[in-house]
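Novice: Here you go, upload_27.cif (mmCIF, N, CA and C atoms):
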```
data_start
loop_
_atom_site.label_atom_id
_atom_site.label_comp_id
_atom_site.auth_asym_id
_atom_site.auth_seq_id
_atom_site.Cartn_x
_atom_site.Cartn_y
_atom_site.Cartn_z
N GLY A 125 0.81 -1.19 0.00
CA GLY A 125 0.00 0.00 0.00
C GLY A 125 0.85 1.25 0.00
N GLY A 126 0.17 2.37 0.04
CA GLY A 126 0.85 3.65 0.12
C GLY A 126 1.47 4.09 -1.18
N GLU A 127 2.39 5.07 -1.04
CA GLU A 127 3.04 5.65 -2.21
C GLU A 127 3.90 4.67 -2.99
N ASP A 128 4.44 3.68 -2.29
CA ASP A 128 5.36 2.74 -2.93
C ASP A 128 4.68 1.40 -3.25
N ALA A 129 3.38 1.45 -3.49
CA ALA A 129 2.60 0.23 -3.71
C ALA A 129 3.01 -0.47 -5.00
N VAL A 130 2.95 -1.77 -4.92
CA VAL A 130 3.11 -2.63 -6.10
C VAL A 130 1.75 -3.27 -6.32
N THR A 131 1.23 -3.14 -7.53
CA THR A 131 -0.08 -3.72 -7.82
C THR A 131 0.07 -4.85 -8.82
N VAL A 132 -0.69 -5.90 -8.59
CA VAL A 132 -0.77 -7.03 -9.50
C VAL A 132 -2.20 -7.06 -9.99
N GLN A 133 -2.38 -7.05 -11.30
CA GLN A 133 -3.74 -7.00 -11.83
C GLN A 133 -3.86 -7.82 -13.11
N PRO A 134 -5.05 -8.35 -13.33
CA PRO A 134 -5.29 -9.04 -14.60
C PRO A 134 -5.32 -8.02 -15.74
N VAL A 135 -4.79 -8.40 -16.88
CA VAL A 135 -4.84 -7.55 -18.07
C VAL A 135 -5.33 -8.38 -19.24
N SER A 136 -6.21 -7.79 -19.99
CA SER A 136 -6.76 -8.47 -21.16
C SER A 136 -5.93 -8.11 -22.39
N GLY A 137 -6.06 -8.93 -23.39
CA GLY A 137 -5.45 -8.62 -24.67
C GLY A 137 -4.73 -9.79 -25.29
N HIS A 138 -3.71 -10.29 -24.65
CA HIS A 138 -2.91 -11.36 -25.25
C HIS A 138 -3.61 -12.71 -25.16
N ALA A 139 -3.93 -13.12 -23.95
CA ALA A 139 -4.56 -14.42 -23.72
C ALA A 139 -5.27 -14.39 -22.37
N ALA A 140 -6.10 -15.36 -22.12
CA ALA A 140 -6.79 -15.44 -20.84
C ALA A 140 -5.78 -15.66 -19.72
N GLY A 141 -5.99 -15.01 -18.59
CA GLY A 141 -5.17 -15.23 -17.41
C GLY A 141 -3.90 -14.41 -17.33
N CYS A 142 -3.71 -13.42 -18.16
CA CYS A 142 -2.50 -12.61 -18.10
C CYS A 142 -2.55 -11.65 -16.92
N LEU A 143 -1.39 -11.41 -16.34
CA LEU A 143 -1.25 -10.48 -15.23
C LEU A 143 -0.17 -9.47 -15.54
N ALA A 144 -0.27 -8.31 -14.91
CA ALA A 144 0.79 -7.30 -14.97
C ALA A 144 1.10 -6.87 -13.55
N VAL A 145 2.35 -6.53 -13.32
CA VAL A 145 2.79 -6.03 -12.03
C VAL A 145 3.28 -4.60 -12.26
N GLU A 146 2.65 -3.65 -11.58
CA GLU A 146 3.00 -2.25 -11.75
C GLU A 146 3.61 -1.71 -10.46
N TRP A 147 4.76 -1.08 -10.57
CA TRP A 147 5.42 -0.43 -9.46
C TRP A 147 5.60 1.02 -9.89
N ALA A 148 4.50 1.76 -9.82
CA ALA A 148 4.44 3.10 -10.39
C ALA A 148 5.47 4.05 -9.78
N SER A 149 5.69 3.98 -8.47
CA SER A 149 6.63 4.92 -7.85
C SER A 149 8.06 4.73 -8.36
N GLN A 150 8.37 3.54 -8.84
CA GLN A 150 9.70 3.26 -9.38
C GLN A 150 9.72 3.30 -10.91
N GLY A 151 8.55 3.52 -11.52
CA GLY A 151 8.46 3.62 -12.97
C GLY A 151 8.67 2.31 -13.70
N VAL A 152 8.24 1.20 -13.08
CA VAL A 152 8.47 -0.12 -13.65
C VAL A 152 7.16 -0.89 -13.81
N VAL A 153 6.99 -1.54 -14.94
CA VAL A 153 5.87 -2.45 -15.15
C VAL A 153 6.43 -3.77 -15.68
N VAL A 154 5.96 -4.85 -15.07
CA VAL A 154 6.24 -6.19 -15.58
C VAL A 154 5.00 -6.53 -16.40
N ALA A 155 5.12 -6.42 -17.70
CA ALA A 155 3.96 -6.45 -18.58
C ALA A 155 3.59 -7.84 -19.09
N GLY A 156 4.44 -8.82 -18.90
CA GLY A 156 4.14 -10.14 -19.43
C GLY A 156 4.05 -10.12 -20.94
N ASP A 157 3.26 -11.02 -21.48
CA ASP A 157 3.21 -11.21 -22.93
C ASP A 157 2.51 -10.10 -23.71
N LEU A 158 1.95 -9.10 -23.03
CA LEU A 158 1.41 -7.96 -23.76
C LEU A 158 2.53 -7.11 -24.34
N VAL A 159 3.74 -7.34 -23.87
CA VAL A 159 4.90 -6.69 -24.46
C VAL A 159 5.86 -7.79 -24.89
N GLN A 160 6.11 -7.82 -26.18
CA GLN A 160 7.07 -8.76 -26.78
C GLN A 160 8.05 -7.86 -27.51
N SER A 161 9.12 -7.51 -26.78
CA SER A 161 10.00 -6.45 -27.26
C SER A 161 10.98 -6.91 -28.32
N ARG A 162 11.10 -6.04 -29.32
CA ARG A 162 12.09 -6.21 -30.39
C ARG A 162 11.99 -7.53 -31.12
N LYS A 163 10.74 -8.00 -31.25
CA LYS A 163 10.49 -9.23 -32.01
C LYS A 163 9.04 -9.21 -32.48
N HIS A 164 8.73 -10.04 -33.44
CA HIS A 164 7.35 -10.16 -33.91
C HIS A 164 6.47 -10.59 -32.72
N PRO A 165 5.37 -9.90 -32.49
CA PRO A 165 4.49 -10.30 -31.40
C PRO A 165 3.55 -11.43 -31.83
N TYR A 166 3.27 -12.32 -30.91
CA TYR A 166 2.30 -13.38 -31.20
C TYR A 166 0.93 -12.91 -30.74
N PHE A 167 -0.01 -12.79 -31.67
CA PHE A 167 -1.38 -12.39 -31.33
C PHE A 167 -2.38 -13.34 -31.98
N GLY A 168 -2.06 -14.62 -31.93
CA GLY A 168 -2.92 -15.63 -32.54
C GLY A 168 -3.71 -16.47 -31.56
N ASP A 169 -3.62 -16.17 -30.26
CA ASP A 169 -4.36 -16.95 -29.27
C ASP A 169 -5.87 -16.77 -29.49
N PRO A 170 -6.67 -17.81 -29.28
CA PRO A 170 -8.12 -17.67 -29.45
C PRO A 170 -8.74 -16.60 -28.54
N ASN A 171 -8.08 -16.26 -27.43
CA ASN A 171 -8.59 -15.23 -26.52
C ASN A 171 -7.97 -13.86 -26.77
N THR A 172 -7.19 -13.72 -27.82
CA THR A 172 -6.59 -12.42 -28.11
C THR A 172 -7.67 -11.39 -28.38
N ASP A 173 -7.51 -10.23 -27.77
CA ASP A 173 -8.39 -9.08 -27.98
C ASP A 173 -7.46 -7.90 -28.27
N LEU A 174 -7.27 -7.60 -29.54
CA LEU A 174 -6.31 -6.57 -29.92
C LEU A 174 -6.71 -5.19 -29.41
N GLU A 175 -7.99 -4.92 -29.32
CA GLU A 175 -8.43 -3.61 -28.78
C GLU A 175 -8.00 -3.48 -27.32
N ALA A 176 -8.18 -4.53 -26.53
CA ALA A 176 -7.75 -4.50 -25.12
C ALA A 176 -6.23 -4.41 -25.03
N TRP A 177 -5.55 -5.11 -25.92
CA TRP A 177 -4.08 -5.07 -25.94
C TRP A 177 -3.61 -3.64 -26.18
N ILE A 178 -4.20 -2.99 -27.16
CA ILE A 178 -3.88 -1.59 -27.46
C ILE A 178 -4.17 -0.71 -26.24
N GLY A 179 -5.30 -0.97 -25.58
CA GLY A 179 -5.66 -0.19 -24.40
C GLY A 179 -4.64 -0.32 -23.28
N ALA A 180 -4.13 -1.52 -23.07
CA ALA A 180 -3.12 -1.73 -22.02
C ALA A 180 -1.83 -0.98 -22.38
N LEU A 181 -1.39 -1.10 -23.63
CA LEU A 181 -0.17 -0.40 -24.04
C LEU A 181 -0.34 1.11 -23.91
N ASP A 182 -1.51 1.60 -24.29
CA ASP A 182 -1.80 3.03 -24.20
C ASP A 182 -1.78 3.49 -22.75
N ARG A 183 -2.40 2.72 -21.87
CA ARG A 183 -2.44 3.08 -20.44
C ARG A 183 -1.04 3.14 -19.85
N TRP A 184 -0.22 2.13 -20.14
CA TRP A 184 1.14 2.11 -19.59
C TRP A 184 1.97 3.25 -20.15
N HIS A 185 1.74 3.59 -21.41
CA HIS A 185 2.45 4.71 -22.01
C HIS A 185 2.04 6.01 -21.31
N GLU A 186 0.75 6.18 -21.07
CA GLU A 186 0.25 7.39 -20.41
C GLU A 186 0.76 7.51 -18.98
N ILE A 187 0.85 6.39 -18.27
CA ILE A 187 1.38 6.42 -16.90
C ILE A 187 2.84 6.88 -16.92
N GLY A 188 3.53 6.54 -17.98
CA GLY A 188 4.91 7.00 -18.13
C GLY A 188 5.94 6.07 -17.50
N PHE A 189 5.70 4.78 -17.55
CA PHE A 189 6.67 3.85 -17.00
C PHE A 189 8.02 4.04 -17.70
N LYS A 190 9.08 4.03 -16.91
CA LYS A 190 10.43 4.22 -17.45
C LYS A 190 11.01 2.92 -17.97
N LYS A 191 10.68 1.83 -17.33
CA LYS A 191 11.20 0.51 -17.71
C LYS A 191 10.04 -0.47 -17.85
N VAL A 192 10.11 -1.30 -18.87
CA VAL A 192 9.07 -2.29 -19.13
C VAL A 192 9.75 -3.66 -19.23
N CYS A 193 9.31 -4.58 -18.39
CA CYS A 193 9.80 -5.95 -18.41
C CYS A 193 8.81 -6.77 -19.23
N PRO A 194 9.21 -7.21 -20.41
CA PRO A 194 8.29 -7.92 -21.30
C PRO A 194 8.18 -9.40 -20.99
N GLY A 195 7.22 -10.04 -21.61
CA GLY A 195 7.11 -11.49 -21.53
C GLY A 195 8.13 -12.16 -22.43
N HIS A 196 8.54 -11.47 -23.49
CA HIS A 196 9.54 -11.98 -24.43
C HIS A 196 10.41 -10.81 -24.85
N GLY A 197 11.71 -11.02 -24.92
CA GLY A 197 12.63 -9.99 -25.35
C GLY A 197 13.24 -9.25 -24.16
N PRO A 198 14.13 -8.30 -24.47
CA PRO A 198 14.84 -7.58 -23.42
C PRO A 198 13.98 -6.53 -22.74
N VAL A 199 14.40 -6.12 -21.54
CA VAL A 199 13.77 -4.98 -20.85
C VAL A 199 13.96 -3.77 -21.75
N ILE A 200 12.90 -2.95 -21.84
CA ILE A 200 12.94 -1.80 -22.74
C ILE A 200 12.52 -0.53 -22.02
N PRO A 201 12.89 0.62 -22.56
CA PRO A 201 12.37 1.87 -22.02
C PRO A 201 10.89 2.01 -22.36
N GLY A 202 10.16 2.69 -21.50
CA GLY A 202 8.73 2.88 -21.72
C GLY A 202 8.38 3.54 -23.03
N ALA A 203 9.29 4.32 -23.58
CA ALA A 203 9.03 4.99 -24.86
C ALA A 203 8.79 4.00 -25.99
N GLU A 204 9.24 2.76 -25.84
CA GLU A 204 9.05 1.77 -26.90
C GLU A 204 7.63 1.21 -26.92
N LEU A 205 6.80 1.57 -25.95
CA LEU A 205 5.40 1.12 -25.96
C LEU A 205 4.60 1.78 -27.07
N GLU A 206 4.92 3.03 -27.36
CA GLU A 206 4.15 3.78 -28.36
C GLU A 206 4.24 3.16 -29.75
N PRO A 207 5.43 2.80 -30.26
CA PRO A 207 5.47 2.15 -31.57
C PRO A 207 4.72 0.81 -31.60
N MET A 208 4.69 0.11 -30.49
CA MET A 208 3.92 -1.15 -30.42
C MET A 208 2.44 -0.86 -30.58
N ARG A 209 1.96 0.13 -29.83
CA ARG A 209 0.54 0.48 -29.90
C ARG A 209 0.18 0.90 -31.32
N VAL A 210 1.00 1.74 -31.92
CA VAL A 210 0.74 2.22 -33.28
C VAL A 210 0.72 1.04 -34.26
N PHE A 211 1.65 0.10 -34.11
CA PHE A 211 1.66 -1.06 -34.99
C PHE A 211 0.33 -1.82 -34.91
N PHE A 212 -0.14 -2.09 -33.69
CA PHE A 212 -1.39 -2.84 -33.54
C PHE A 212 -2.59 -2.05 -34.07
N GLU A 213 -2.65 -0.75 -33.80
CA GLU A 213 -3.74 0.07 -34.33
C GLU A 213 -3.74 0.06 -35.86
N ASP A 214 -2.58 0.28 -36.45
CA ASP A 214 -2.47 0.33 -37.91
C ASP A 214 -2.77 -1.03 -38.54
N THR A 215 -2.34 -2.10 -37.88
CA THR A 215 -2.62 -3.45 -38.39
C THR A 215 -4.12 -3.73 -38.35
N LEU A 216 -4.77 -3.37 -37.24
CA LEU A 216 -6.23 -3.56 -37.16
C LEU A 216 -6.95 -2.75 -38.23
N ALA A 217 -6.52 -1.52 -38.41
CA ALA A 217 -7.16 -0.67 -39.44
C ALA A 217 -6.95 -1.27 -40.83
N HIS A 218 -5.77 -1.80 -41.08
CA HIS A 218 -5.48 -2.37 -42.40
C HIS A 218 -6.34 -3.61 -42.66
N VAL A 219 -6.41 -4.52 -41.70
CA VAL A 219 -7.22 -5.73 -41.93
C VAL A 219 -8.70 -5.39 -42.03
N ALA A 220 -9.15 -4.39 -41.26
CA ALA A 220 -10.55 -3.98 -41.36
C ALA A 220 -10.86 -3.42 -42.75
N ALA A 221 -9.92 -2.64 -43.30
CA ALA A 221 -10.11 -2.09 -44.64
C ALA A 221 -10.12 -3.20 -45.69
N LEU A 222 -9.24 -4.18 -45.54
CA LEU A 222 -9.22 -5.31 -46.47
C LEU A 222 -10.52 -6.09 -46.40
N LYS A 223 -10.98 -6.32 -45.20
CA LYS A 223 -12.23 -7.07 -45.01
C LYS A 223 -13.42 -6.30 -45.59
N ALA A 224 -13.46 -5.00 -45.34
CA ALA A 224 -14.54 -4.16 -45.86
C ALA A 224 -14.53 -4.12 -47.39
N ALA A 225 -13.35 -4.25 -47.97
CA ALA A 225 -13.23 -4.24 -49.43
C ALA A 225 -13.55 -5.59 -50.04
N GLY A 226 -13.91 -6.55 -49.20
CA GLY A 226 -14.30 -7.86 -49.70
C GLY A 226 -13.15 -8.82 -49.95
N ARG A 227 -11.96 -8.48 -49.48
CA ARG A 227 -10.82 -9.39 -49.65
C ARG A 227 -11.03 -10.63 -48.77
N THR A 228 -10.66 -11.77 -49.27
CA THR A 228 -10.81 -13.00 -48.50
C THR A 228 -9.72 -13.06 -47.42
N LEU A 229 -9.88 -13.97 -46.51
CA LEU A 229 -8.89 -14.17 -45.46
C LEU A 229 -7.53 -14.46 -46.07
N GLU A 230 -7.47 -15.35 -47.04
CA GLU A 230 -6.21 -15.70 -47.69
C GLU A 230 -5.58 -14.50 -48.38
N GLU A 231 -6.40 -13.70 -49.06
CA GLU A 231 -5.88 -12.50 -49.72
C GLU A 231 -5.36 -11.50 -48.69
N ALA A 232 -6.08 -11.37 -47.59
CA ALA A 232 -5.67 -10.42 -46.55
C ALA A 232 -4.34 -10.85 -45.91
N VAL A 233 -4.20 -12.12 -45.64
CA VAL A 233 -2.96 -12.61 -45.03
C VAL A 233 -1.78 -12.39 -45.98
N ALA A 234 -1.99 -12.57 -47.27
CA ALA A 234 -0.93 -12.42 -48.25
C ALA A 234 -0.66 -10.97 -48.65
N ASP A 235 -1.50 -10.04 -48.23
CA ASP A 235 -1.37 -8.64 -48.63
C ASP A 235 -0.02 -8.08 -48.19
N ASP A 236 0.57 -7.24 -49.02
CA ASP A 236 1.87 -6.68 -48.69
C ASP A 236 1.79 -5.24 -48.18
N GLY A 237 0.60 -4.80 -47.82
CA GLY A 237 0.43 -3.42 -47.37
C GLY A 237 0.39 -3.22 -45.86
N TYR A 238 0.80 -4.22 -45.10
CA TYR A 238 0.78 -4.09 -43.64
C TYR A 238 1.79 -3.04 -43.17
N PRO A 239 1.51 -2.41 -42.04
CA PRO A 239 2.44 -1.39 -41.54
C PRO A 239 3.77 -2.03 -41.12
N PRO A 240 4.82 -1.23 -41.13
CA PRO A 240 6.11 -1.77 -40.69
C PRO A 240 6.06 -2.14 -39.21
N GLY A 241 6.82 -3.13 -38.86
CA GLY A 241 6.86 -3.57 -37.48
C GLY A 241 7.76 -2.70 -36.62
N TYR A 242 7.67 -2.89 -35.33
CA TYR A 242 8.50 -2.16 -34.38
C TYR A 242 9.76 -2.95 -34.01
N TRP A 243 9.92 -4.12 -34.59
CA TRP A 243 11.06 -4.99 -34.30
C TRP A 243 12.16 -4.74 -35.32
N PRO A 244 13.39 -5.14 -35.00
CA PRO A 244 14.49 -4.95 -35.95
C PRO A 244 14.25 -5.69 -37.26
N ALA A 245 14.72 -5.13 -38.34
CA ALA A 245 14.52 -5.72 -39.67
C ALA A 245 15.11 -7.12 -39.78
N GLU A 246 16.15 -7.39 -39.01
CA GLU A 246 16.78 -8.71 -39.09
C GLU A 246 16.03 -9.80 -38.33
N ASP A 247 14.98 -9.42 -37.57
CA ASP A 247 14.19 -10.44 -36.87
C ASP A 247 13.47 -11.27 -37.93
N PRO A 248 13.74 -12.57 -38.00
CA PRO A 248 13.11 -13.39 -39.05
C PRO A 248 11.60 -13.52 -38.83
N THR A 249 10.87 -13.54 -39.91
CA THR A 249 9.42 -13.72 -39.82
C THR A 249 9.14 -15.14 -39.33
N PRO A 250 8.44 -15.25 -38.20
CA PRO A 250 8.19 -16.59 -37.65
C PRO A 250 7.15 -17.35 -38.49
N PRO A 251 7.16 -18.67 -38.42
CA PRO A 251 6.23 -19.47 -39.22
C PRO A 251 4.77 -19.25 -38.86
N TRP A 252 4.49 -18.75 -37.67
CA TRP A 252 3.11 -18.54 -37.22
C TRP A 252 2.59 -17.14 -37.55
N TRP A 253 3.39 -16.31 -38.22
CA TRP A 253 2.99 -14.92 -38.47
C TRP A 253 1.71 -14.81 -39.29
N SER A 254 1.57 -15.64 -40.32
CA SER A 254 0.36 -15.57 -41.16
C SER A 254 -0.87 -15.95 -40.34
N TYR A 255 -0.71 -16.84 -39.38
CA TYR A 255 -1.82 -17.20 -38.50
C TYR A 255 -2.26 -15.98 -37.69
N CYS A 256 -1.30 -15.21 -37.17
CA CYS A 256 -1.64 -14.01 -36.40
C CYS A 256 -2.40 -13.00 -37.27
N LEU A 257 -1.92 -12.79 -38.49
CA LEU A 257 -2.62 -11.86 -39.39
C LEU A 257 -4.03 -12.36 -39.69
N GLY A 258 -4.18 -13.67 -39.84
CA GLY A 258 -5.50 -14.24 -40.07
C GLY A 258 -6.42 -14.03 -38.89
N ARG A 259 -5.91 -14.18 -37.67
CA ARG A 259 -6.72 -13.93 -36.46
C ARG A 259 -7.14 -12.47 -36.41
N ALA A 260 -6.24 -11.57 -36.76
CA ALA A 260 -6.59 -10.15 -36.77
C ALA A 260 -7.70 -9.88 -37.78
N TYR A 261 -7.63 -10.53 -38.93
CA TYR A 261 -8.66 -10.38 -39.96
C TYR A 261 -10.01 -10.87 -39.43
N LEU A 262 -10.00 -12.02 -38.78
CA LEU A 262 -11.25 -12.58 -38.24
C LEU A 262 -11.84 -11.70 -37.15
N LEU A 263 -10.98 -11.04 -36.38
CA LEU A 263 -11.44 -10.18 -35.29
C LEU A 263 -11.86 -8.79 -35.76
N ALA A 264 -11.42 -8.39 -36.94
CA ALA A 264 -11.72 -7.05 -37.43
C ALA A 264 -13.21 -6.84 -37.51
N GLY A 265 -13.67 -5.82 -36.83
CA GLY A 265 -15.09 -5.50 -36.82
C GLY A 265 -15.93 -6.35 -35.88
N ALA A 266 -15.30 -7.30 -35.18
CA ALA A 266 -16.03 -8.14 -34.23
C ALA A 266 -16.08 -7.47 -32.86
N PRO A 267 -17.08 -7.78 -32.04
CA PRO A 267 -17.11 -7.22 -30.70
C PRO A 267 -15.93 -7.72 -29.88
N PRO A 268 -15.45 -6.92 -28.90
CA PRO A 268 -14.31 -7.34 -28.08
C PRO A 268 -14.59 -8.67 -27.37
N VAL A 269 -13.51 -9.45 -27.20
CA VAL A 269 -13.59 -10.73 -26.50
C VAL A 269 -13.66 -10.51 -25.00
N SER A 270 -12.96 -9.47 -24.52
CA SER A 270 -12.87 -9.22 -23.08
C SER A 270 -13.29 -7.80 -22.77
N GLY A 271 -13.24 -7.47 -21.50
CA GLY A 271 -13.66 -6.15 -21.06
C GLY A 271 -12.58 -5.12 -20.99
N GLY A 272 -11.42 -5.35 -21.56
CA GLY A 272 -10.34 -4.37 -21.52
C GLY A 272 -9.42 -4.60 -20.35
N VAL A 273 -8.67 -3.56 -20.03
CA VAL A 273 -7.69 -3.68 -18.94
C VAL A 273 -8.39 -3.57 -17.61
#
```
Have the structure of the file written as structure tokens, please.
Specialist:
Amino acid sequence: GGEDAVTVQPVSGHAAGCLAVEWASQGVVVAGDLVQSRKHPYFGDPNTDLEAWIGALDRWHEIGFKKVCPGHGPVIPGAELEPMRVFFEDTLAHVAALKAAGRTLEEAVADDGYPPGYWPAEDPTPPWWSYCLGRAYLLAGAPPVSGGV
């Protein structure tokens, strides 16, 4: 409790059962799998809610955490949360536009107009990446899976 409180709370977005640990007075958040730093993020879980994921990243960015401990990848400065949020927003907007234009799931996954990632260019595209893009396509325009952060 008090000024130096550490809070543990459930966070929606990546998968069911995710938790985050926030130590606001020290500027630190242990974000778990909602932050996958400097690598392609996995967002193919059946419980993934990209809107909630974006909301969590946005909230942590607004709080101004100085250090973020991810579920995958190295510890990063809080400033790296913004490019992640933008990537997910732009990806959702892109798949929604493809879906609205009548593109099939296969066409959407193969589309080359996705926004650039926030990970280094040398990070190899993982074999499950097309599955994640397909999940985003299926979720585009659907009601949220969870209630947010």
Novice: Enumerate the residues of range 141-273 of chain A with a DSSP assignment of strand (DSSP E or B), computed from the backbone, and present them as a PyMOL selection string.
Specialist: chain A and resi 143-147+152-160+191-196+200-201
Novice: Under the rule that all atoms listed in the file are counted, which of A:Arg209, A:Glu246, A:Asp169, A:Glu127 is the nearest residue to Arg259 in chain A?
Specialist: A:Asp169
Novice: Written as number ranges by chain, what is the full residue list that the PyMOL selection byres ((chain A and resi 137-154) around 6) yields on the file shown?
Specialist: A: 127-136, 155-158, 169, 171-174, 176-177, 188-194
Novice: Mind writing the picked residues with N, CA and C atoms as an mmCIF file, in the coordinates of the input?
Specialist:
```
data_model
loop_
_atom_site.group_PDB
_atom_site.id
_atom_site.type_symbol
_atom_site.label_atom_id
_atom_site.label_comp_id
_atom_site.auth_asym_id
_atom_site.auth_seq_id
_atom_site.Cartn_x
_atom_site.Cartn_y
_atom_site.Cartn_z
ATOM 1 N N GLU A 127 2.390 5.070 -1.040
ATOM 2 C CA GLU A 127 3.040 5.650 -2.210
ATOM 3 C C GLU A 127 3.900 4.670 -2.990
ATOM 4 N N ASP A 128 4.440 3.680 -2.290
ATOM 5 C CA ASP A 128 5.360 2.740 -2.930
ATOM 6 C C ASP A 128 4.680 1.400 -3.250
ATOM 7 N N ALA A 129 3.380 1.450 -3.490
ATOM 8 C CA ALA A 129 2.600 0.230 -3.710
ATOM 9 C C ALA A 129 3.010 -0.470 -5.000
ATOM 10 N N VAL A 130 2.950 -1.770 -4.920
ATOM 11 C CA VAL A 130 3.110 -2.630 -6.100
ATOM 12 C C VAL A 130 1.750 -3.270 -6.320
ATOM 13 N N THR A 131 1.230 -3.140 -7.530
ATOM 14 C CA THR A 131 -0.080 -3.720 -7.820
ATOM 15 C C THR A 131 0.070 -4.850 -8.820
ATOM 16 N N VAL A 132 -0.690 -5.900 -8.590
ATOM 17 C CA VAL A 132 -0.770 -7.030 -9.500
ATOM 18 C C VAL A 132 -2.200 -7.060 -9.990
ATOM 19 N N GLN A 133 -2.380 -7.050 -11.300
ATOM 20 C CA GLN A 133 -3.740 -7.000 -11.830
ATOM 21 C C GLN A 133 -3.860 -7.820 -13.110
ATOM 22 N N PRO A 134 -5.050 -8.350 -13.330
ATOM 23 C CA PRO A 134 -5.290 -9.040 -14.600
ATOM 24 C C PRO A 134 -5.320 -8.020 -15.740
ATOM 25 N N VAL A 135 -4.790 -8.400 -16.880
ATOM 26 C CA VAL A 135 -4.840 -7.550 -18.070
ATOM 27 C C VAL A 135 -5.330 -8.380 -19.240
ATOM 28 N N SER A 136 -6.210 -7.790 -19.990
ATOM 29 C CA SER A 136 -6.760 -8.470 -21.160
ATOM 30 C C SER A 136 -5.930 -8.110 -22.390
ATOM 31 N N ALA A 155 5.120 -6.420 -17.700
ATOM 32 C CA ALA A 155 3.960 -6.450 -18.580
ATOM 33 C C ALA A 155 3.590 -7.840 -19.090
ATOM 34 N N GLY A 156 4.440 -8.820 -18.900
ATOM 35 C CA GLY A 156 4.140 -10.140 -19.430
ATOM 36 C C GLY A 156 4.050 -10.120 -20.940
ATOM 37 N N ASP A 157 3.260 -11.020 -21.480
ATOM 38 C CA ASP A 157 3.210 -11.210 -22.930
ATOM 39 C C ASP A 157 2.510 -10.100 -23.710
ATOM 40 N N LEU A 158 1.950 -9.100 -23.030
ATOM 41 C CA LEU A 158 1.410 -7.960 -23.760
ATOM 42 C C LEU A 158 2.530 -7.110 -24.340
ATOM 43 N N ASP A 169 -3.620 -16.170 -30.260
ATOM 44 C CA ASP A 169 -4.360 -16.950 -29.270
ATOM 45 C C ASP A 169 -5.870 -16.770 -29.490
ATOM 46 N N ASN A 171 -8.080 -16.260 -27.430
ATOM 47 C CA ASN A 171 -8.590 -15.230 -26.520
ATOM 48 C C ASN A 171 -7.970 -13.860 -26.770
ATOM 49 N N THR A 172 -7.190 -13.720 -27.820
ATOM 50 C CA THR A 172 -6.590 -12.420 -28.110
ATOM 51 C C THR A 172 -7.670 -11.390 -28.380
ATOM 52 N N ASP A 173 -7.510 -10.230 -27.770
ATOM 53 C CA ASP A 173 -8.390 -9.080 -27.980
ATOM 54 C C ASP A 173 -7.460 -7.900 -28.270
ATOM 55 N N LEU A 174 -7.270 -7.600 -29.540
ATOM 56 C CA LEU A 174 -6.310 -6.570 -29.920
ATOM 57 C C LEU A 174 -6.710 -5.190 -29.410
ATOM 58 N N ALA A 176 -8.180 -4.530 -26.530
ATOM 59 C CA ALA A 176 -7.750 -4.500 -25.120
ATOM 60 C C ALA A 176 -6.230 -4.410 -25.030
ATOM 61 N N TRP A 177 -5.550 -5.110 -25.920
ATOM 62 C CA TRP A 177 -4.080 -5.070 -25.940
ATOM 63 C C TRP A 177 -3.610 -3.640 -26.180
ATOM 64 N N GLY A 188 3.530 6.540 -17.980
ATOM 65 C CA GLY A 188 4.910 7.000 -18.130
ATOM 66 C C GLY A 188 5.940 6.070 -17.500
ATOM 67 N N PHE A 189 5.700 4.780 -17.550
ATOM 68 C CA PHE A 189 6.670 3.850 -17.000
ATOM 69 C C PHE A 189 8.020 4.040 -17.700
ATOM 70 N N LYS A 190 9.080 4.030 -16.910
ATOM 71 C CA LYS A 190 10.430 4.220 -17.450
ATOM 72 C C LYS A 190 11.010 2.920 -17.970
ATOM 73 N N LYS A 191 10.680 1.830 -17.330
ATOM 74 C CA LYS A 191 11.200 0.510 -17.710
ATOM 75 C C LYS A 191 10.040 -0.470 -17.850
ATOM 76 N N VAL A 192 10.110 -1.300 -18.870
ATOM 77 C CA VAL A 192 9.070 -2.290 -19.130
ATOM 78 C C VAL A 192 9.750 -3.660 -19.230
ATOM 79 N N CYS A 193 9.310 -4.580 -18.390
ATOM 80 C CA CYS A 193 9.800 -5.950 -18.410
ATOM 81 C C CYS A 193 8.810 -6.770 -19.230
ATOM 82 N N PRO A 194 9.210 -7.210 -20.410
ATOM 83 C CA PRO A 194 8.290 -7.920 -21.300
ATOM 84 C C PRO A 194 8.180 -9.400 -20.990
#
```
Novice: In Å, with one decimal, what is the gap from CA of Lys163 in chain A to CA of Arg227 in chain A?
Specialist: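 The value is 27.7 Å.
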Novice: Applying the PyMOL selection byres (((chain A and resi 239 and name CA) around 10) and name CA) to the file I just gave you, which residues come out? Please list them as a list in words.
Specialist: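 Output of the PyMOL selection byres (((chain A and resi 239 and name CA) around 10) and name CA): Val210, Phe211, Phe212, Glu213, Asp214, Thr215, Leu216, Ala217, His218, Asp236, Gly237, Tyr238, Pro240, Gly241 and Tyr242 of chain A.
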Novice: What is the distance between atom N of Gly126 in chain A and atom C of Glu186 in chain A, in Å to one decimal?
Specialist: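 Between these atoms lies a distance of 19.7 Å.
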Novice: Exactly which residues make up the result of the PyMOL selection byres (((chain A and resi 258 and name CA) around 9) and name CA) on this file, given as a PyMOL selection string?
Specialist: chain A and resi 168+219+229-230+232-233+253-257+259-263
Novice: For the alpha helix (DSSP H) assignment from backbone DSSP, which residues of range 160-271 of chain A qualify? Please present them as a PyMOL selection string.
Specialist: chain A and resi 174-187+205-224+229-234+253-263
Novice: Using all atoms listed in the file, pick whichever of A:Arg183, A:Leu205, A:Ala234, A:Gly197 has the shortest atom-to-atom distance to Arg162 in chain A.
Specialist: A:Gly197
